[in-house]
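Engineer: The structure that follows is given in the form of structure tokens.
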Amino acid sequence: MSTANPTTRAEQVDLELQTLRECNASLHAAAGDPAAARSWRVLNPGGRHSIAAGIDAQLEVEIEGHVGYYCAGMNQHAAVRVRGNCGVGVAENIMSGSVVVEGNASQSAAATGRGGLVVVRGDAAARCAISLKGADVVVRGSIGHMGAFMAQRGRLVVCGDAGDALGDSLYEARLYVRGSVAGLGADCVEKELRDEHVIELRALLERAGIVDVDATSFRRYGSERRLYAFDVDDAIASASTPR
Amino acid sequence: MMPPEPRSDGSAPTPPQLGLRESATFDRLAIHQIQRAARTGIYDIRGGGAKRRVPHFDDLLLLGASVSRYPLEGYRERCGTEVVLGTRFAKRPLELDIPVTIAGMSFGALSANAKEALGRGATASGTSTTTGDGGMTPEERLSSKTLVYQLLPSRYGMNPDDLRRADAIEIVVGQGAKPGGGGMLLGQKISDRVAQMRDLPRRIDQRSACRHPDWTGPDDLEIKIEELREITDWEKPIFVKIGASRTYYDVALAAKAGADVVVLDGMQGGTAATQDVFIEHVGIPLLAAIPQAVAALEELELHRTVQLVVSGGIRSGADVAKALALGADAVSVGTAALIALGDNAPELDAEYARIGSAAGYYDDWHEGLDPAGILTQDADLAARLDPVLGGRRLANYLRTVVLETQTLARACGKSHVHNLEPEDLVALTIEAAAMARVPLAGTNWIPGRNDL
Ligand SMILES: Cc1cc2nc3c(=O)[nH]c(=O)nc-3n(C[C@H](O)[C@H](O)[C@H](O)COP(=O)(O)O)c2cc1C
């Protein structure tokens, strides 16, 4: 099924020769098999969906080309690298490990991610880090509209610009944008960038392998927390009667 | 003299000598709602399902056997009840002993004890239970032999370990109580544990998303289903749950997208907390939705290949038998299961009165004050529900419902409850006949299909 490459000792899966099911089954089987290869290359991804979704092992997976939806979805422990562009929902609900996209990412990159790191070297489209629940997301380029919509926990770093309605209905996720923000969503406000945030940003950029960006050049955004509770009045009839 | 009209809310009738007349338009409920709105500036939120009367299974009757058909012996002849869900693509379909499952209700809305009780009752009855909008608790996984794990727009607590631990996966697109709406859990119920499971701050008024974060529309759904199958190595059946509205199209698209099972929830379906205006005014009754769903599946030649599970106002074996006769493979219960556990028990009437309600009416489930200890996160209240006893009560209820269903199926001459068919049904009203697509009793007339 898979052919060992003697020079790099990486296991290879060629999606022109093997099915997606065979590819993912091999990656999943590595979870319970300490003897399995730790290093994998996926060739000819051809835009297929769900490549490397559901890995639960400390593997290194390099995908040589463009992928479709949900690449590396729900990743646990693996370090996945896509040498190409990604379709919708790359690394959706990532739990741990890392997913690096060398090209651009479509909508909903890192949606609902709960842990680990997602790096997009190019741009990410709309709804990047939507409903984020604890993962860290670093975008070297810009993001589209509704970034970090309803994001609950975790951090989103955008080295370029952010589209409209950034951080709409935000909870406790922290957002950092270096360029312009087309507009803030409901309940999202700019907050002071203090020293501790610069330290946090430096660490995130370093983990993302981004060395040419100054951590002090970002602005920080967060929730104003006005939408956390319903606005309920208690206008007693007699009290509101004009005297 | 005419006796005074009893009030619809059960309170004392108006003294006739005063000659007062209640407006049909501005009745006391409407007046109260305007007054409440003027005081608070916010819509009414409550639990439960639609309270208005809509055409329902009570408007249908079964045709028992006689000369033209012969019945089966009530206590002696076999009448099968088993059902297999997820035969289309999954490696491991669910094999259930009875065609009644427990619907998804979240930990958060329900206490951990209540979730455990549901698991115990379902397991004792040979059926499945379902997680909800708050993730999977160890209590319910341990107590449930067969557990369906919901993937909802909020994705609270979603993780691949639980996906693999589950016996089936249910993609929730909508609920009958609120097709097009997201979930709600108010601050009173966001305890430390609930907050932690959902990655939310404590005590906030949570309003969850109504759309999935990473897919929209049927073409994406197909890809999403494939992803879930890939993650779980094609083992688990994938259900798609929809609220009844444009049922014909939604069911056809869910089936085309690759669902193994479609779960169809009618407008009477319960909710833990939703705007009253949403519960009462959005969606269609289950009675009207089932024939649309069956028609869609039949046109795709997928009826019985994609199983149809229906819910929304199921109370008794009569409801089950009629739902199956219309073409469902199984039903699901939410509210009835909670009542079986002890919700709205008359013994608690004094306690309901203290929180401004009454046994039989209590629906402020979002406030977390449930004296029965079911719809709460308060540790003291929750401790009132013994999960073992609750499970036994639920199992008793389910056994009764199944016996009732078999009784009716045998009367119609069926050796399996799935052999019930629309031909076994007639309607009491023109509305029900038109919606259920069965003849008005005593006629051959199906409104909209043929002439009287
Ligand atoms: C307390 C409560 C909580 C619920 N929570 C969920 C949920 O988390 N996810 C979901 O899909 N449906 C939820 N529902 C809807 C049920 O799954 C089901 O569709 C409905 O209860 C069926 O109608 P019935 O209550 O008339 O039986 C909930 C219902 C109730 C009563």
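In the structure tokens, each chain is lettered A, B, ... as it comes, each chain's residues begin at 1, and ligands are numbered from 1 in order of appearance.
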To check your reading of the model: which residues sit at most 7 Å from ligand 1 when counting only C-alpha atoms and all ligand atoms? Write the answer as number ranges by chain.
Structural biologist: B: 47-49, 103-106, 109-110, 131-134, 172, 174-176, 265, 268-272, 311-314, 332-336, 375
Engineer: I'd like the neighbourhood of region 124-127 of chain B as number ranges by chain, where a residue qualifies if any of its atoms comes within 12 Å (using only C-alpha atoms), though same-chain residues fewer than 6 positions away should be ignored.
Structural biologist: B: 81-85, 94-103, 117-118, 143-148, 167, 330-333, 388, 390-402
Engineer: Name all residues at most 8 Å from His28 (chain A) (count only C-alpha atoms; drop same-chain ones fewer than 2 positions away) and give them as a list in words.
Structural biologist: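 So the residues in contact are Asn24, Ala25, Ser26, Ala30, Ala31, Gly32, Gly54, Ile55, Asp56 and Ala57 of chain A.
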Engineer: Choose the residue, out of A:Ala235, A:Ala126, A:Ala162, A:Ala203, that has the smallest atom-to-atom separation from Arg140 (chain A); count only C-alpha atoms.
Structural biologist: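 Selected residue with least distance to Arg140 (chain A): A:Ala162.
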Engineer: Taking the chain letters and numbering used in this document, name the residues of region 107-249 of chain B that DSSP puts in strand (DSSP E or B), as a ChimeraX atom specification.
Structural biologist: /B:107,110,129-130,147-151,168-172,184-185,206-207,238-243
Engineer: Just the residues within 8 Å of region 182-194 of chain A, please, counting only C-alpha atoms, with nothing from its chain fewer than 4 positions along; format it as a ChimeraX atom specification.
Structural biologist: /A:146,161-170,198,218-227
Engineer: Go through chain B and flag each residue having an atom no more than 6 Å from chain A; for those, report the closest pair of atoms plus their distance in Å to one decimal, using only C-alpha atoms, ordered by chain and rising number, as a Markdown table.
Structural biologist:
```
| residue | atom | partner | partner_atom | distance |
| --- | --- | --- | --- | --- |
| B:Arg39 | CA | A:Ala235 | CA | 4.7 |
| B:Thr40 | CA | A:Asp233 | CA | 4.4 |
| B:Gly41 | CA | A:Asp233 | CA | 5.9 |
| B:Ile204 | CA | A:Tyr228 | CA | 5.1 |
| B:Asp205 | CA | A:Ala229 | CA | 4.9 |
| B:Asp214 | CA | A:Ser108 | CA | 5.5 |
| B:Glu227 | CA | A:Ser50 | CA | 5.3 |
| B:Ile231 | CA | A:Gly54 | CA | 4.4 |
```
Engineer: Expressed in Å to a single decimal, how great is the separation between CA of Asp27 (chain B) and CA of Asn344 (chain B)?
Structural biologist: 25.7 Å
